[in-house]
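Report on the structure given below.
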Amino acid sequence: MSLIRWNPTRELSTWPSDFFGVQREINRLFDNFFRGGMQDDGSYGLSYWTPAVDIAEHDDAYVVKVELPGVNRDDVKITMESNVLTIRGEKKEEKDVKKDDFHRMERMYGSFQRSFTLPSTVSNEKIDAVYKDGILSITLPKAEEAKPKQIEVKVK
Amino acid sequence: MGKNHQVALTRKGSTALMRPTEPAESFVTPIADVYETSEAFIVKLDLPGAAKDSININVEENRLSVKCAVQLVREGTPKLLFGEIRSKTYYREFVLGEGIDHYKTGASFDTGVLTITLPKSESMKAREIPIK
């Protein structure tokens, strides 16, 4: 018997004889895409490790918050290149616990990366980041030219 | 330590801690790891943004429950570009089996992760039995 490499699109190509195969494939894509769904084994959690983000634009700054529970602050790297903010890092597995000793393993480990293009220029040297209680908060002050300016127009 | 003995303990423990029950109100279920050591069962829950004092841990008869409200504070009225984080109340319940010394339950909170230690009672701990 020979082994055949699994091709995820093969089930699609047999349309319409294998409608349920198509449905299965679409379900798989959806499951992989949306975070926080119920897994096949009945556990909750993310199918891959993508931390949740909140980005608020204030008049003078952007405030970025990232949920990073259980991440060592030294394992997080924040970079700013032109207008692209990148947060990358790694959540390390507990080394002293064997897989066999787990009854439930929903928390995700491994590396993550998210990048965001900010709508306006940021003054790079004033970026400030704080990590507290599992939340990384980054404050990115806008560059002078990007701040909203009020111009008075005289009505003649 | 006898291998069979170890397997038996694992099975007993797994049914002991596996079933989360759904509360009536709408809460967010925090994701959890549960593992056991020779001394205790360890439950780890991700509670990002929680303040240590706002976490409520309750052990009652055979139930362990954790509840915690987390407020996402945005100063002023900013324009929201990404809104994946919400203010929410985390809640999760675990059914505990026999063999846990409830009175010695301990907890710690660090980097948004709550660690609950449920020590095994003496009868639950693995013992090596000498052959005479």
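Naming scheme: A, B, ... for chains in displayed order of the structure tokens; residues 1 onward per chain; ligands 1 onward as shown.
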
Can you list, as a count of residues only, all residues belonging to chain B that DSSP tags as helix (DSSP H, G or I)?
-> 21

Please identify every residue of chain A that has at least one atom no more than 8 Å from any atom of chain B, counting only C-alpha atoms, and report them as number ranges by chain.
-> A: 44-45, 52-59, 67-72, 97, 101-107, 132-135
